[in-house]
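S.K.: Below is coords-v5.pdb; it holds PDB, C-alpha atoms and all ligand atoms.
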```
ATOM      1  CA  MET A   1      28.678  -8.998  21.804
ATOM      2  CA  ASN A   2      30.155  -6.272  19.741
ATOM      3  CA  ARG A   3      29.129  -2.787  20.603
ATOM      4  CA  PRO A   4      26.494  -1.449  18.239
ATOM      5  CA  MET A   5      27.069   1.878  16.594
ATOM      6  CA  HIS A   6      23.880   3.683  15.847
ATOM      7  CA  ASN A   7      22.996   6.667  13.839
ATOM      8  CA  ARG A   8      20.029   8.240  15.480
ATOM      9  CA  CYS A   9      21.641   8.780  18.877
ATOM     10  CA  GLY A  10      19.460  10.895  21.161
ATOM     11  CA  ILE A  11      16.732   8.905  22.876
ATOM     12  CA  TRP A  12      17.599   5.738  21.016
ATOM     13  CA  GLY A  13      21.246   5.824  21.987
ATOM     14  CA  VAL A  14      20.503   6.467  25.636
ATOM     15  CA  TRP A  15      17.872   3.779  25.607
ATOM     16  CA  LEU A  16      20.094   1.186  24.019
ATOM     17  CA  ALA A  17      22.827   1.996  26.462
ATOM     18  CA  ALA A  18      20.362   1.359  29.262
ATOM     19  CA  MET A  19      19.724  -2.062  27.764
ATOM     20  CA  VAL A  20      23.427  -2.848  28.219
ATOM     21  CA  LEU A  21      23.683  -3.458  24.523
ATOM     22  CA  CYS A  22      25.911  -0.519  24.121
ATOM     23  CA  GLY A  23      28.601   1.242  26.031
ATOM     24  CA  GLY A  24      27.169   4.531  24.916
ATOM     25  CA  CYS A  25      26.781   6.384  21.713
ATOM     26  CA  SER A  26      30.116   6.774  20.061
ATOM     27  CA  LYS A  27      28.816   8.908  17.243
ATOM     28  CA  PRO A  28      28.167  12.599  17.691
ATOM     29  CA  ALA A  29      24.535  13.648  17.902
ATOM     30  CA  PRO A  30      23.189  14.527  14.480
ATOM     31  CA  VAL A  31      22.957  18.179  13.626
ATOM     32  CA  VAL A  32      19.303  19.042  13.362
ATOM     33  CA  SER A  33      18.763  21.181  10.328
ATOM     34  CA  ALA A  34      15.691  23.039   9.205
ATOM     35  CA  PRO A  35      13.376  20.978   6.991
ATOM     36  CA  GLN A  36      14.198  21.412   3.353
ATOM     37  CA  PRO A  37      11.380  21.714   0.837
ATOM     38  CA  VAL A  38      11.040  18.656  -1.349
ATOM     39  CA  VAL A  39      11.410  19.543  -4.993
ATOM     40  CA  PRO A  40       9.613  16.985  -7.161
ATOM     41  CA  GLN A  41      11.955  15.407  -9.669
ATOM     42  CA  PRO A  42       9.840  13.106 -11.838
ATOM     43  CA  LEU A  43      11.290  10.009 -13.380
ATOM     44  CA  PRO A  44      10.855   9.344 -17.087
ATOM     45  CA  SER A  45       7.801   7.369 -18.128
ATOM     46  CA  TRP A  46       7.810   3.668 -17.414
ATOM     47  CA  ASP A  47       9.313   1.696 -20.264
ATOM     48  CA  LEU A  48       7.583  -1.659 -20.007
ATOM     49  CA  PRO A  49       6.730  -4.119 -22.779
ATOM     50  CA  PRO A  50       3.219  -3.528 -24.133
ATOM     51  CA  ASP A  51       1.867  -6.727 -22.587
ATOM     52  CA  SER A  52       3.177  -5.983 -19.084
ATOM     53  CA  PRO A  53       0.742  -5.331 -16.248
ATOM     54  CA  PRO A  54       0.726  -1.760 -14.955
ATOM     55  CA  PRO A  55       3.322  -0.973 -12.296
ATOM     56  CA  ALA A  56       2.132  -0.872  -8.696
ATOM     57  CA  ILE A  57       2.284   2.859  -8.097
ATOM     58  CA  ALA A  58       1.452   3.839  -4.505
ATOM     59  CA  PRO A  59      -0.831   4.744  -2.960
ATOM     60  CA  PHE A  60      -3.004   1.682  -3.409
ATOM     61  CA  ASP A  61      -5.123  -0.355  -1.038
ATOM     62  CA  ALA A  62      -4.765  -3.989   0.009
ATOM     63  CA  ALA A  63      -7.062  -5.278  -2.734
ATOM     64  CA  ALA A  64      -5.087  -3.442  -5.403
ATOM     65  CA  ALA A  65      -1.849  -4.725  -3.882
ATOM     66  CA  LYS A  66      -3.058  -8.295  -4.359
ATOM     67  CA  THR A  67      -4.210  -7.509  -7.892
ATOM     68  CA  HIS A  68      -0.797  -6.086  -8.820
ATOM     69  CA  GLN A  69       0.985  -9.013  -7.206
ATOM     70  CA  GLU A  70      -1.127 -11.642  -8.948
ATOM     71  CA  ALA A  71      -1.062  -9.907 -12.345
ATOM     72  CA  TRP A  72       2.731  -9.590 -12.369
ATOM     73  CA  ALA A  73       3.269 -13.136 -11.112
ATOM     74  CA  LYS A  74       0.984 -14.494 -13.805
ATOM     75  CA  HIS A  75       2.694 -12.343 -16.424
ATOM     76  CA  LEU A  76       6.111 -13.734 -15.483
ATOM     77  CA  GLY A  77       4.874 -17.282 -14.988
ATOM     78  CA  VAL A  78       5.888 -17.458 -11.342
ATOM     79  CA  PRO A  79       3.888 -18.246  -8.196
ATOM     80  CA  VAL A  80       2.731 -15.505  -5.855
ATOM     81  CA  GLU A  81       4.373 -17.455  -3.052
ATOM     82  CA  VAL A  82       7.092 -20.074  -3.329
ATOM     83  CA  THR A  83       8.505 -22.427  -0.699
ATOM     84  CA  ASN A  84      12.166 -23.229  -1.230
ATOM     85  CA  SER A  85      14.056 -26.457  -0.513
ATOM     86  CA  ILE A  86      14.586 -25.699   3.196
ATOM     87  CA  GLY A  87      11.089 -24.403   3.827
ATOM     88  CA  ILE A  88      11.649 -20.685   3.442
ATOM     89  CA  LYS A  89       8.511 -19.096   1.981
ATOM     90  CA  LEU A  90       8.979 -16.098  -0.260
ATOM     91  CA  ALA A  91       6.336 -13.744  -1.655
ATOM     92  CA  PHE A  92       6.488 -12.267  -5.129
ATOM     93  CA  ILE A  93       6.714  -8.460  -5.064
ATOM     94  CA  PRO A  94       5.710  -6.673  -8.295
ATOM     95  CA  ALA A  95       7.407  -3.732  -9.987
ATOM     96  CA  GLY A  96       6.156  -0.366  -8.836
ATOM     97  CA  GLU A  97       6.768   3.025  -7.325
ATOM     98  CA  PHE A  98       6.377   4.606  -3.903
ATOM     99  CA  GLN A  99       7.342   7.517  -1.712
ATOM    100  CA  MET A 100      10.313   6.407   0.383
ATOM    101  CA  GLY A 101      10.821   7.954   3.799
ATOM    102  CA  SER A 102       8.594  10.093   5.964
ATOM    103  CA  PRO A 103       6.697  13.283   5.194
ATOM    104  CA  GLU A 104       7.306  16.441   7.194
ATOM    105  CA  SER A 105       3.842  15.947   8.662
ATOM    106  CA  ASP A 106       4.937  12.827  10.590
ATOM    107  CA  SER A 107       5.903  14.140  14.019
ATOM    108  CA  ASP A 108       7.434  10.738  14.887
ATOM    109  CA  ALA A 109       9.869  10.852  11.991
ATOM    110  CA  TYR A 110      13.581  11.553  12.333
ATOM    111  CA  ASP A 111      15.559  13.697   9.913
ATOM    112  CA  ILE A 112      17.279  10.564   8.611
ATOM    113  CA  GLU A 113      13.927   9.497   7.120
ATOM    114  CA  LYS A 114      13.739  12.680   5.023
ATOM    115  CA  PRO A 115      13.244  14.020   2.491
ATOM    116  CA  GLN A 116      10.527  11.718   1.328
ATOM    117  CA  HIS A 117      11.270  10.991  -2.293
ATOM    118  CA  THR A 118      10.021   8.915  -5.209
ATOM    119  CA  VAL A 119      11.584   5.483  -5.645
ATOM    120  CA  ARG A 120      10.847   3.218  -8.561
ATOM    121  CA  ILE A 121      11.370  -0.526  -8.241
ATOM    122  CA  THR A 122      11.648  -1.704 -11.828
ATOM    123  CA  LYS A 123      12.625  -5.293 -11.121
ATOM    124  CA  PRO A 124      10.152  -7.642  -9.439
ATOM    125  CA  PHE A 125      11.692  -9.676  -6.646
ATOM    126  CA  CYS A 126      10.793 -12.254  -4.052
ATOM    127  CA  LEU A 127      11.102 -11.586  -0.338
ATOM    128  CA  GLY A 128      10.925 -13.962   2.618
ATOM    129  CA  VAL A 129       7.453 -13.823   4.121
ATOM    130  CA  THR A 130       9.092 -14.054   7.546
ATOM    131  CA  GLU A 131      12.429 -13.429   9.121
ATOM    132  CA  VAL A 132      14.815 -16.376   8.741
ATOM    133  CA  MET A 133      13.997 -18.898  11.453
ATOM    134  CA  GLN A 134      16.629 -20.564  13.609
ATOM    135  CA  GLU A 135      15.908 -24.032  12.199
ATOM    136  CA  GLN A 136      16.535 -22.678   8.701
ATOM    137  CA  TYR A 137      19.688 -20.849   9.703
ATOM    138  CA  GLU A 138      21.108 -23.866  11.492
ATOM    139  CA  ARG A 139      20.370 -26.170   8.567
ATOM    140  CA  VAL A 140      22.380 -23.987   6.210
ATOM    141  CA  MET A 141      25.107 -22.707   8.537
ATOM    142  CA  GLY A 142      25.428 -25.567  11.014
ATOM    143  CA  SER A 143      25.215 -23.223  13.979
ATOM    144  CA  ASN A 144      22.731 -21.102  15.851
ATOM    145  CA  PRO A 145      24.051 -17.975  17.559
ATOM    146  CA  SER A 146      20.670 -16.810  18.903
ATOM    147  CA  LYS A 147      20.205 -15.715  22.504
ATOM    148  CA  PHE A 148      16.565 -16.793  22.578
ATOM    149  CA  LYS A 149      16.459 -20.421  21.430
ATOM    150  CA  GLY A 150      13.581 -21.902  19.444
ATOM    151  CA  ALA A 151      13.289 -23.556  16.031
ATOM    152  CA  GLN A 152      10.694 -21.098  14.769
ATOM    153  CA  LEU A 153      12.049 -18.044  16.475
ATOM    154  CA  PRO A 154      13.914 -15.631  14.218
ATOM    155  CA  VAL A 155      17.654 -16.092  14.232
ATOM    156  CA  GLU A 156      19.444 -13.169  15.924
ATOM    157  CA  GLN A 157      22.943 -12.259  16.973
ATOM    158  CA  VAL A 158      23.897 -12.579  13.334
ATOM    159  CA  SER A 159      26.171  -9.993  11.779
ATOM    160  CA  TRP A 160      25.588  -8.535   8.332
ATOM    161  CA  GLU A 161      28.472 -10.691   7.171
ATOM    162  CA  ASP A 162      26.768 -13.775   8.645
ATOM    163  CA  ALA A 163      23.533 -12.926   6.825
ATOM    164  CA  VAL A 164      25.337 -12.522   3.512
ATOM    165  CA  GLU A 165      27.160 -15.810   4.048
ATOM    166  CA  PHE A 166      23.821 -17.495   4.753
ATOM    167  CA  CYS A 167      22.529 -16.171   1.424
ATOM    168  CA  ARG A 168      25.623 -17.462  -0.367
ATOM    169  CA  LYS A 169      25.391 -20.917   1.137
ATOM    170  CA  LEU A 170      21.647 -21.133   0.579
ATOM    171  CA  SER A 171      22.155 -20.227  -3.088
ATOM    172  CA  GLU A 172      24.637 -23.088  -3.424
ATOM    173  CA  LEU A 173      22.221 -25.783  -2.307
ATOM    174  CA  PRO A 174      21.617 -28.033  -5.336
ATOM    175  CA  ALA A 175      17.864 -27.492  -5.352
ATOM    176  CA  GLU A 176      18.254 -23.738  -5.184
ATOM    177  CA  ARG A 177      20.892 -23.688  -7.900
ATOM    178  CA  GLY A 178      18.608 -25.815 -10.027
ATOM    179  CA  ALA A 179      15.788 -23.339  -9.547
ATOM    180  CA  GLY A 180      18.063 -20.452 -10.465
ATOM    181  CA  ARG A 181      17.493 -18.680  -7.186
ATOM    182  CA  VAL A 182      20.376 -16.477  -6.092
ATOM    183  CA  TYR A 183      19.685 -15.221  -2.606
ATOM    184  CA  ARG A 184      20.653 -11.857  -1.230
ATOM    185  CA  LEU A 185      19.537  -9.322   1.336
ATOM    186  CA  PRO A 186      16.883  -6.871   0.153
ATOM    187  CA  THR A 187      17.984  -3.346  -0.590
ATOM    188  CA  GLU A 188      16.718  -0.743   1.827
ATOM    189  CA  ALA A 189      14.381   0.607  -0.874
ATOM    190  CA  GLU A 190      13.024  -2.855  -1.663
ATOM    191  CA  TRP A 191      12.468  -3.431   2.036
ATOM    192  CA  GLU A 192      10.413  -0.259   2.557
ATOM    193  CA  TYR A 193       8.504  -0.746  -0.707
ATOM    194  CA  ALA A 194       7.612  -4.293   0.350
ATOM    195  CA  CYS A 195       6.759  -3.198   3.890
ATOM    196  CA  ARG A 196       4.438  -0.431   2.749
ATOM    197  CA  ALA A 197       2.654  -2.567   0.108
ATOM    198  CA  GLY A 198       0.996   0.562  -1.253
ATOM    199  CA  SER A 199       0.405   2.265   2.094
ATOM    200  CA  THR A 200       1.524   5.802   2.842
ATOM    201  CA  THR A 201       0.893   5.660   6.577
ATOM    202  CA  LYS A 202       3.242   5.237   9.558
ATOM    203  CA  TRP A 203       2.671   1.507   9.572
ATOM    204  CA  SER A 204       1.423  -0.649   6.711
ATOM    205  CA  PHE A 205      -2.017  -0.917   8.310
ATOM    206  CA  GLY A 206      -2.509   2.788   9.085
ATOM    207  CA  ASP A 207      -1.554   5.541  11.500
ATOM    208  CA  SER A 208      -3.119   4.204  14.673
ATOM    209  CA  GLU A 209      -0.722   2.656  17.165
ATOM    210  CA  SER A 210      -3.681   0.876  18.750
ATOM    211  CA  SER A 211      -3.601  -1.695  15.926
ATOM    212  CA  LEU A 212       0.140  -2.367  16.052
ATOM    213  CA  ALA A 213      -0.177  -5.297  18.461
ATOM    214  CA  ASP A 214      -2.210  -7.125  15.802
ATOM    215  CA  TYR A 215       0.735  -6.895  13.406
ATOM    216  CA  ALA A 216       3.884  -6.741  15.468
ATOM    217  CA  TRP A 217       5.852  -7.972  18.438
ATOM    218  CA  TYR A 218       7.210  -4.869  20.111
ATOM    219  CA  ASP A 219       7.871  -3.695  23.629
ATOM    220  CA  SER A 220       4.204  -3.616  24.616
ATOM    221  CA  ASN A 221       3.427  -7.248  23.846
ATOM    222  CA  ALA A 222       6.604  -9.216  23.096
ATOM    223  CA  GLY A 223       7.379 -10.229  26.684
ATOM    224  CA  SER A 224      10.978  -8.972  26.460
ATOM    225  CA  LYS A 225      11.960 -11.636  23.913
ATOM    226  CA  THR A 226      11.602 -12.664  20.306
ATOM    227  CA  ASN A 227       8.480 -14.606  19.303
ATOM    228  CA  PRO A 228       7.820 -17.282  16.661
ATOM    229  CA  VAL A 229       7.654 -15.762  13.207
ATOM    230  CA  GLY A 230       4.436 -15.354  11.248
ATOM    231  CA  GLN A 231       1.991 -15.313  14.146
ATOM    232  CA  LYS A 232       0.743 -11.773  13.692
ATOM    233  CA  LYS A 233      -1.243 -10.337  10.794
ATOM    234  CA  GLY A 234       0.636  -9.921   7.535
ATOM    235  CA  ASN A 235       0.632  -6.958   5.170
ATOM    236  CA  ALA A 236      -1.184  -6.823   1.836
ATOM    237  CA  TRP A 237       1.620  -8.713   0.066
ATOM    238  CA  GLY A 238       1.660 -11.514   2.628
ATOM    239  CA  LEU A 239       4.745 -10.415   4.558
ATOM    240  CA  TYR A 240       4.879 -10.944   8.312
ATOM    241  CA  ASP A 241       6.784  -9.257  11.116
ATOM    242  CA  MET A 242       7.918  -6.397   8.903
ATOM    243  CA  HIS A 243       7.064  -4.336  11.954
ATOM    244  CA  GLY A 244       8.760  -5.677  15.057
ATOM    245  CA  ASN A 245      10.083  -9.035  16.304
ATOM    246  CA  VAL A 246      13.682  -8.625  15.092
ATOM    247  CA  TRP A 247      15.201  -5.794  13.094
ATOM    248  CA  GLU A 248      16.378  -6.917   9.668
ATOM    249  CA  TRP A 249      19.643  -6.302   7.875
ATOM    250  CA  CYS A 250      19.431  -4.760   4.406
ATOM    251  CA  SER A 251      22.140  -4.844   1.755
ATOM    252  CA  ASP A 252      22.896  -1.111   1.597
ATOM    253  CA  TRP A 253      25.712   0.828   3.119
ATOM    254  CA  TRP A 254      24.268   3.494   5.402
ATOM    255  CA  LYS A 255      23.663   6.957   4.042
ATOM    256  CA  ARG A 256      22.324   9.487   6.509
ATOM    257  CA  ASP A 257      20.562  11.845   4.129
ATOM    258  CA  TYR A 258      18.113  10.822   1.475
ATOM    259  CA  THR A 259      18.176  12.370  -1.950
ATOM    260  CA  THR A 260      15.469  14.764  -3.085
ATOM    261  CA  THR A 261      15.694  13.294  -6.552
ATOM    262  CA  ALA A 262      13.504  10.457  -7.732
ATOM    263  CA  VAL A 263      15.536   7.313  -8.225
ATOM    264  CA  SER A 264      15.174   3.852  -9.761
ATOM    265  CA  ASP A 265      16.321   0.711  -7.966
ATOM    266  CA  PRO A 266      18.655   2.477  -5.501
ATOM    267  CA  THR A 267      21.250   0.258  -3.861
ATOM    268  CA  GLY A 268      22.813   2.765  -1.460
ATOM    269  CA  PRO A 269      26.331   4.208  -1.395
ATOM    270  CA  ALA A 270      29.139   2.298  -3.101
ATOM    271  CA  THR A 271      31.195   2.226   0.096
ATOM    272  CA  GLY A 272      30.739   2.836   3.784
ATOM    273  CA  SER A 273      31.323   1.507   7.267
ATOM    274  CA  ILE A 274      27.762   0.899   8.475
ATOM    275  CA  ARG A 275      25.019  -1.291   7.019
ATOM    276  CA  VAL A 276      21.316  -0.491   7.157
ATOM    277  CA  TYR A 277      18.775  -2.378   9.229
ATOM    278  CA  ARG A 278      15.001  -1.945   9.262
ATOM    279  CA  GLY A 279      11.692  -2.750  10.839
ATOM    280  CA  GLY A 280      11.829  -2.300  14.615
ATOM    281  CA  GLY A 281      11.903  -5.070  17.146
ATOM    282  CA  TRP A 282      10.647  -6.798  20.258
ATOM    283  CA  LEU A 283      12.393  -4.436  22.651
ATOM    284  CA  ILE A 284      11.356  -1.090  21.241
ATOM    285  CA  THR A 285       8.386   1.260  21.130
ATOM    286  CA  ALA A 286       5.926   1.668  18.278
ATOM    287  CA  ARG A 287       7.662   4.732  16.903
ATOM    288  CA  PHE A 288      10.703   2.682  15.955
ATOM    289  CA  CYS A 289       8.573   0.062  14.205
ATOM    290  CA  ARG A 290       7.265   2.479  11.559
ATOM    291  CA  SER A 291       7.696   1.604   7.876
ATOM    292  CA  ALA A 292      10.195   4.430   7.300
ATOM    293  CA  ASP A 293      12.251   3.963  10.452
ATOM    294  CA  ARG A 294      15.895   3.150   9.765
ATOM    295  CA  ASP A 295      19.234   2.735  11.432
ATOM    296  CA  GLY A 296      22.541   0.982  10.907
ATOM    297  CA  LEU A 297      25.398  -0.910  12.501
ATOM    298  CA  GLN A 298      28.827  -2.071  11.509
ATOM    299  CA  PRO A 299      28.802  -5.224   9.354
ATOM    300  CA  LEU A 300      30.355  -7.366  12.074
ATOM    301  CA  ASP A 301      28.084  -6.109  14.869
ATOM    302  CA  ARG A 302      25.639  -8.539  16.399
ATOM    303  CA  GLY A 303      22.693  -8.090  18.731
ATOM    304  CA  TYR A 304      19.852 -10.156  20.092
ATOM    305  CA  PHE A 305      17.474  -7.670  18.473
ATOM    306  CA  LEU A 306      18.807  -8.109  14.935
ATOM    307  CA  GLY A 307      18.123 -10.773  12.284
ATOM    308  CA  PHE A 308      17.255 -10.724   8.585
ATOM    309  CA  ARG A 309      15.056 -12.066   5.803
ATOM    310  CA  VAL A 310      16.236 -13.119   2.371
ATOM    311  CA  ALA A 311      15.337 -11.994  -1.138
ATOM    312  CA  PHE A 312      16.058 -13.044  -4.675
ATOM    313  CA  SER A 313      15.503 -11.266  -7.951
ATOM    314  CA  SER A 314      12.484 -12.741  -9.660
ATOM    315  CA  VAL A 315      13.235 -15.645 -11.943
ATOM    316  CA  ASP A 316      11.235 -15.056 -15.125
ATOM    317  CA  GLN A 317       9.840 -18.413 -16.178
ATOM    318  CA  SER A 318       7.666 -17.023 -18.948
ATOM    319  CA  GLY A 319      10.304 -17.549 -21.633
ATOM    320  CA  ARG A 320      10.438 -13.861 -22.494
TER     321      ARG A 320
HETATM  322 CA    CA B 401      11.020  -7.803  11.745
END
```
Please express the file's structure as structure tokens.

M.R.:
Amino acid sequence: MNRPMHNRCGIWGVWLAAMVLCGGCSKPAPVVSAPQPVVPQPLPSWDLPPDSPPPAIAPFDAAAAKTHQEAWAKHLGVPVEVTNSIGIKLAFIPAGEFQMGSPESDSDAYDIEKPQHTVRITKPFCLGVTEVMQEQYERVMGSNPSKFKGAQLPVEQVSWEDAVEFCRKLSELPAERGAGRVYRLPTEAEWEYACRAGSTTKWSFGDSESSLADYAWYDSNAGSKTNPVGQKKGNAWGLYDMHGNVWEWCSDWWKRDYTTTAVSDPTGPATGSIRVYRGGGWLITARFCRSADRDGLQPLDRGYFLGFRVAFSSVDQSGR
């Protein structure tokens, strides 16, 4: 196993080292700076066709999340949930806006989650309702690198490069080409937007850790292993295991500091040496399973805590 490089160091680095996943933290501890005031930088008004549904602008509750999802799917002539040719289910995620990162008021948040800033997702997309399962990975790639074996367990010990190659090969399957679905990893912003589903709390269901076991496999209930995907409660957009089970690669290069400026459809830095992963996992505490939690590893690193889910940009079948 390659040695993970991580970006939060401190407790996390020491803890990972204790798990024998890491020979120690090779990056210097981050310099803790005084919180900077967030200066609101509004985006221009939404420029949507007159017949478009309203964007899903957080905060909104679970009922409104479903309403936004269904209205946009109907508008574009696509299903709210689609099952692809190898059984991967993907949920439609509408266009919208949210506050990315953590507020200063969250005592669990790290500096790398700040400043909280406005992010607009202008392009609807579809996101796997679960992490990619081992049976799906093996069908496409012809191999299964996972430490914990099981057809419906999430694949792990996959590098970022492996995950991207899976997306490429999946996109080339005749049925997927015919459907016009080009798979990719979600951007970090898409991932958090989809995870929050309108929520502004630490986790998508609220701020109380006492409910996390209903939604996530983490150190308190996972039994020191991964668990079959989709067994816990989903979020308002029908996504499962966004908190816990395995961490999930995102497409972005790592950037330590967020912008204070509102941004549309951010894709991360143009270059870098570390890729982002999100969502917490089976071996970690609740704090690291929060919606805004983030970290990164080198693109060829692998770990039995790290998998992925796939996305594709929404295919408009409305003829517009
Ligand atoms: Ca997960």

S.K.: Between atom CA of A:Asn84 and atom CA of A:Lys149, what distance in Å does the model show, to one decimal?

M.R.: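 Computing it gives 23.2 Å between the two atoms.
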
S.K.: Return as a PyMOL selection string every polymer residue, whether protein, DNA or RNA, with at least one atom no more than 6 Å from an atom of ligand CA 401 (chain B); count only C-alpha atoms and all ligand atoms.

M.R.: chain A and resi 241-248+279

S.K.: I'd like to know which of A:Ser210, A:Ser85, A:Ser102, A:Ser45 is closest to A:Arg294, using only C-alpha atoms.

M.R.: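 Looking at the shortest contact to A:Arg294, the residue is A:Ser102.
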
S.K.: Determine the nearest neighbour of A:Glu70 from the options A:Ser273, A:Arg278, A:Asp257, A:Ile93, counting only C-alpha atoms.

M.R.: A:Ile93

S.K.: May I ask for the distance between atom CA of A:Ile284 and atom CA of A:Cys195, given in Å to one decimal place?

M.R.: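 Computed distance, atom CA of A:Ile284 to atom CA of A:Cys195, equals 18.1 Å.
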